[in-house]
Amino acid sequence: MTCELLVPRSLTELRQVAGSGRLIAGGTDLLVQMRAGRHEDRLIDLTNLIDHPPPVALDDGVVEISAMAPIATVVREIQGRLPALTAAARLFGSLQIRNRATLGGNLANASPAGDMFPPLIVAGADAIIDGPTGSRVIPVTELATGPGRTVLTTDEWIAKLRVPLPTGEEGFIKLGGRAAMAISIVSLAWRWTRQGDGTLTDVRLALGAVAPTAIRSPQAEAVLEGRRPTADVVAEAADAMRASITPIDDLRGSAWYRRQVAGDLLHQAFGT
């Protein structure tokens, strides 16, 4: 069986053919799927547009990122301004994959273990969705609707991401089968502001691989909000986090193990 590849050179051309085949950016996940037997009659490459946005642009406290730029390029261009996203990207696949895969492709793939989701969720990022009928804005937290499913229609793609710069601390850690190039067993991203007296405000926590989509943990956030993160407070928040998630058993870990790890990652984030 053959597969036709279209390579539109402009947004106008892309809008004309979108919907007539499978839209791809890096295509790294699709290659794995096709080796497993998936067939596509037509692929449409998003990455060769002469008028696509620059990889990274700053706009009044917001980083605007092209969802079609390679992840390695994005990491280089954001220059550490988004520590959580940078940390997640550096743990994402191999160097070769990072030079091919894109943020848009990772998000559109909608894996519950996708490493790009948690840091973007805690940042309050928005995805700018484009298509033949125009563009729309979707909060990243609402983008995935289940494993492999999103709110995107077949002729839409993620064009850009708008990510507010942190005003306090943020970070990302994960547990995988090894230190890098491994699918997350559990991942955790955070953002908070630490006041002069040590109390935390605007606490946001997001987890991957513990539910059908990446999720926040409002229960754990509420425990930490307005309090100093002493060992006892962090332990209380970790217990609240474990109780708030719904992981599954699979080859990478049991549901019980994922609950334990989720709380342990919160302790690790605070060094307690």
# chains A, B, ... in the order shown; residues from 1 in each chain; ligands from 1
call {"tool": "residues_around", "arguments": {"residues": "Ala57 in chain A", "least_positions_apart": "5", "cutoff": "10 Å", "atoms": "only C-alpha atoms", "output": "ChimeraX atom specification"}}
result
/A:62-66,77-78,162
call {"tool": "residues_around", "arguments": {"residues": "range 95-111 of chain A", "least_positions_apart": "5", "cutoff": "6 Å", "atoms": "only C-alpha atoms", "output": "list in words"}}
result
Ala25, Gly26, Ala67, Met68, Ala69, Pro70, Ile71, Ala72, Ala144, Pro147, Gly148, Arg149 and Ile158 of chain A
call {"tool": "residues_around", "arguments": {"residues": "Ser187 in chain A", "least_positions_apart": "3", "cutoff": "7 Å", "atoms": "only C-alpha atoms", "output": "VMD selection string"}}
result
chain A and resid 173 to 175 184 207 to 209
call {"tool": "residues_around", "arguments": {"residues": "range 215-222 of chain A", "least_positions_apart": "5", "cutoff": "7 Å", "atoms": "only C-alpha atoms", "output": "list of chain:residue names"}}
result
A:Val203, A:Arg204, A:Leu205, A:Ala206, A:Leu207, A:Gly208, A:Ala237, A:Ala238, A:Ala240, A:Met241, A:Ser244
call {"tool": "write_last_selection", "arguments": {"atoms": "C-alpha atoms", "output": "PDB file, in the first residue's frame"}}
result
ATOM      1  CA  VAL A 203      -0.292  27.131  43.724  1.00  0.00           C
ATOM      2  CA  ARG A 204      -0.788  25.021  40.613  1.00  0.00           C
ATOM      3  CA  LEU A 205       0.054  21.330  40.334  1.00  0.00           C
ATOM      4  CA  ALA A 206      -0.449  19.124  37.280  1.00  0.00           C
ATOM      5  CA  LEU A 207       0.192  15.423  36.833  1.00  0.00           C
ATOM      6  CA  GLY A 208       0.652  13.145  33.852  1.00  0.00           C
ATOM      7  CA  ALA A 237      -0.700  17.761  50.336  1.00  0.00           C
ATOM      8  CA  ALA A 238       0.900  14.543  49.067  1.00  0.00           C
ATOM      9  CA  ALA A 240      -4.474  14.757  49.163  1.00  0.00           C
ATOM     10  CA  MET A 241      -2.839  14.337  45.767  1.00  0.00           C
ATOM     11  CA  SER A 244      -7.407  12.784  44.036  1.00  0.00           C
TER      12      SER A 244
END
call {"tool": "residues_around", "arguments": {"residues": "Arg252 in chain A", "least_positions_apart": "4", "cutoff": "9 Å", "atoms": "only C-alpha atoms", "output": "list in words"}}
result
Gly176, Gly177, Ile183, Ser184 and Ile185 of chain A
call {"tool": "write_last_selection", "arguments": {"atoms": "N, CA and C atoms", "output": "compact mmCIF listing (two decimals), in the first residue's frame"}}
result
# COMPACT_ATOMS: atom_id res chain seq x y z
N GLY A 176 10.39 7.64 35.17
CA GLY A 176 10.27 6.72 34.05
C GLY A 176 11.09 5.48 34.32
N GLY A 177 11.12 4.60 33.35
CA GLY A 177 11.91 3.39 33.52
C GLY A 177 13.40 3.66 33.57
N ILE A 183 8.89 6.68 28.60
CA ILE A 183 7.55 7.19 28.83
C ILE A 183 7.35 7.35 30.33
N SER A 184 6.69 8.42 30.73
CA SER A 184 6.49 8.69 32.15
C SER A 184 5.62 7.63 32.80
N ILE A 185 6.04 7.19 33.97
CA ILE A 185 5.16 6.41 34.85
C ILE A 185 4.26 7.38 35.61
call {"tool": "select_by_dssp", "arguments": {"residues": "range 84-165 of chain A", "states": "strand (DSSP E or B)", "output": "list of chain:residue names"}}
result
A:Thr102, A:Asp126, A:Ala127, A:Ile128, A:Ile129, A:Asp130, A:Arg136, A:Val137, A:Ile138, A:Pro139, A:Ala144, A:Thr145, A:Gly146, A:Arg149, A:Thr150, A:Trp157, A:Ile158, A:Ala159, A:Lys160, A:Leu161, A:Arg162, A:Val163, A:Pro164
call {"tool": "closest_residue", "arguments": {"among": "A:Gly93, A:Ile50, A:Glu4, A:Val137", "to": "Thr28 in chain A", "atoms": "only C-alpha atoms"}}
result
A:Gly93
call {"tool": "residues_around", "arguments": {"residues": "range 226-235 of chain A", "least_positions_apart": "3", "cutoff": "8 Å", "atoms": "only C-alpha atoms", "output": "JSON, numbers by chain"}}
result
{"A": [197, 198, 199, 200, 201, 223, 238, 239, 263, 266, 267, 270, 272]}
call {"tool": "select_by_dssp", "arguments": {"residues": "range 103-179 of chain A", "states": "alpha helix (DSSP H)", "output": "short mmCIF file (atom, residue, chain, number, x, y, z; two decimals) with C-alpha atoms, in the first residue's frame"}}
result
data_model
loop_
_atom_site.label_atom_id
_atom_site.label_comp_id
_atom_site.auth_asym_id
_atom_site.auth_seq_id
_atom_site.Cartn_x
_atom_site.Cartn_y
_atom_site.Cartn_z
CA LEU A 103 4.94 20.64 20.76
CA GLY A 104 1.85 20.62 18.58
CA GLY A 105 2.34 17.00 17.63
CA ASN A 106 2.91 15.92 21.24
CA LEU A 107 -0.27 17.69 22.36
CA ALA A 108 -2.36 16.45 19.42
CA ASN A 109 -1.23 12.89 20.16
CA PHE A 117 0.95 18.76 29.01
CA PRO A 118 1.71 19.25 32.75
CA PRO A 119 4.06 22.27 32.43
CA LEU A 120 1.71 23.97 29.97
CA ILE A 121 -1.31 23.29 32.19
CA VAL A 122 0.27 24.83 35.31
#
call {"tool": "closest_residue", "arguments": {"among": "A:Glu169, A:Asp155, A:Glu225, A:Asp202", "to": "Ala18 in chain A", "atoms": "only C-alpha atoms"}}
result
A:Asp155
call {"tool": "atom_distance", "arguments": {"atom1": "CA of Arg191 in chain A", "atom2": "CA of Val75 in chain A"}}
result
18.7 Å
call {"tool": "decode", "arguments": {"residues": "range 26-67 of chain A", "atoms": "N, CA and C atoms", "output": "CSV table (one decimal), in the first residue's frame"}}
result
chain,number,residue,atom,x,y,z
A,26,GLY,N,6.0,16.6,13.4
A,26,GLY,CA,7.2,15.8,13.4
A,26,GLY,C,6.9,14.4,12.9
A,27,GLY,N,5.8,13.9,13.2
A,27,GLY,CA,5.4,12.5,12.7
A,27,GLY,C,6.1,11.4,13.5
A,28,THR,N,6.7,11.7,14.6
A,28,THR,CA,7.5,10.6,15.3
A,28,THR,C,6.6,9.6,15.9
A,29,ASP,N,5.4,10.0,16.4
A,29,ASP,CA,4.5,9.0,17.0
A,29,ASP,C,3.8,8.2,15.9
A,30,LEU,N,3.5,8.9,14.8
A,30,LEU,CA,2.8,8.3,13.7
A,30,LEU,C,3.7,7.2,13.1
A,31,LEU,N,5.0,7.4,13.0
A,31,LEU,CA,5.9,6.3,12.4
A,31,LEU,C,5.8,5.1,13.2
A,32,VAL,N,5.7,5.2,14.5
A,32,VAL,CA,5.6,4.0,15.4
A,32,VAL,C,4.3,3.3,15.1
A,33,GLN,N,3.2,4.1,15.0
A,33,GLN,CA,1.9,3.5,14.8
A,33,GLN,C,1.8,2.8,13.4
A,34,MET,N,2.5,3.4,12.4
A,34,MET,CA,2.4,2.8,11.1
A,34,MET,C,3.2,1.5,11.0
A,35,ARG,N,4.3,1.5,11.8
A,35,ARG,CA,5.1,0.2,11.9
A,35,ARG,C,4.2,-0.9,12.5
A,36,ALA,N,3.3,-0.5,13.4
A,36,ALA,CA,2.4,-1.4,14.1
A,36,ALA,C,1.2,-1.8,13.2
A,37,GLY,N,1.1,-1.3,12.0
A,37,GLY,CA,0.0,-1.7,11.1
A,37,GLY,C,-0.9,-0.6,10.7
A,38,ARG,N,-0.8,0.6,11.3
A,38,ARG,CA,-1.7,1.7,10.9
A,38,ARG,C,-1.4,2.1,9.4
A,39,HIS,N,-2.4,2.4,8.7
A,39,HIS,CA,-2.2,2.9,7.3
A,39,HIS,C,-2.9,4.2,7.1
A,40,GLU,N,-2.2,5.1,6.4
A,40,GLU,CA,-2.8,6.4,6.0
A,40,GLU,C,-2.7,6.6,4.5
A,41,ASP,N,-3.8,7.0,3.9
A,41,ASP,CA,-3.7,7.2,2.4
A,41,ASP,C,-3.0,8.4,2.1
A,42,ARG,N,-3.1,9.5,2.9
A,42,ARG,CA,-2.5,10.7,2.6
A,42,ARG,C,-2.0,11.4,3.9
A,43,LEU,N,-0.8,11.9,3.9
A,43,LEU,CA,-0.2,12.7,5.0
A,43,LEU,C,0.0,14.1,4.5
A,44,ILE,N,-0.2,15.1,5.4
A,44,ILE,CA,0.0,16.5,5.0
A,44,ILE,C,0.9,17.1,6.0
A,45,ASP,N,2.1,17.5,5.6
A,45,ASP,CA,3.2,18.0,6.4
A,45,ASP,C,3.0,19.4,6.7
A,46,LEU,N,3.0,19.8,8.0
A,46,LEU,CA,2.7,21.1,8.5
A,46,LEU,C,4.0,22.0,8.6
A,47,THR,N,5.2,21.4,8.4
A,47,THR,CA,6.4,22.0,8.9
A,47,THR,C,7.2,22.8,7.9
A,48,ASN,N,6.7,22.9,6.6
A,48,ASN,CA,7.5,23.5,5.6
A,48,ASN,C,6.8,24.8,5.1
A,49,LEU,N,6.0,25.5,5.9
A,49,LEU,CA,5.3,26.7,5.5
A,49,LEU,C,6.3,27.9,5.6
A,50,ILE,N,6.3,28.6,4.5
A,50,ILE,CA,7.2,29.8,4.5
A,50,ILE,C,6.6,30.9,5.4
A,51,ASP,N,5.3,30.9,5.7
A,51,ASP,CA,4.7,31.9,6.5
A,51,ASP,C,4.3,31.4,7.9
A,52,HIS,N,4.9,30.4,8.4
A,52,HIS,CA,4.5,29.9,9.7
A,52,HIS,C,5.2,30.9,10.7
A,53,PRO,N,4.7,30.9,12.0
A,53,PRO,CA,5.2,31.9,13.0
A,53,PRO,C,6.6,31.5,13.4
A,54,PRO,N,7.4,32.5,13.9
A,54,PRO,CA,8.7,32.2,14.4
A,54,PRO,C,8.7,31.2,15.6
A,55,PRO,N,9.7,30.5,15.8
A,55,PRO,CA,9.7,29.5,16.9
A,55,PRO,C,9.3,30.1,18.2
A,56,VAL,N,9.8,31.2,18.6
A,56,VAL,CA,9.5,31.9,19.9
A,56,VAL,C,9.4,33.4,19.7
A,57,ALA,N,8.4,34.0,20.4
A,57,ALA,CA,8.3,35.4,20.4
A,57,ALA,C,7.8,35.9,21.8
A,58,LEU,N,8.2,37.0,22.3
A,58,LEU,CA,7.8,37.5,23.6
A,58,LEU,C,6.8,38.6,23.3
A,59,ASP,N,5.7,38.6,24.1
A,59,ASP,CA,4.6,39.6,24.0
A,59,ASP,C,4.0,39.9,25.3
A,60,ASP,N,4.6,40.9,26.0
A,60,ASP,CA,4.0,41.5,27.2
A,60,ASP,C,3.8,40.4,28.3
A,61,GLY,N,4.8,39.8,28.7
A,61,GLY,CA,4.7,38.8,29.8
A,61,GLY,C,4.3,37.4,29.3
A,62,VAL,N,4.1,37.2,28.0
A,62,VAL,CA,3.7,35.9,27.5
A,62,VAL,C,4.7,35.4,26.4
A,63,VAL,N,5.1,34.2,26.5
A,63,VAL,CA,5.9,33.6,25.4
A,63,VAL,C,5.0,32.9,24.4
A,64,GLU,N,5.1,33.3,23.2
A,64,GLU,CA,4.3,32.8,22.1
A,64,GLU,C,5.2,31.8,21.3
A,65,ILE,N,4.8,30.5,21.3
A,65,ILE,CA,5.6,29.4,20.8
A,65,ILE,C,5.0,28.8,19.6
A,66,SER,N,5.7,28.7,18.5
A,66,SER,CA,5.2,27.9,17.3
A,66,SER,C,5.0,26.5,17.7
A,67,ALA,N,3.8,25.9,17.5
A,67,ALA,CA,3.6,24.5,17.8
A,67,ALA,C,4.2,23.6,16.7
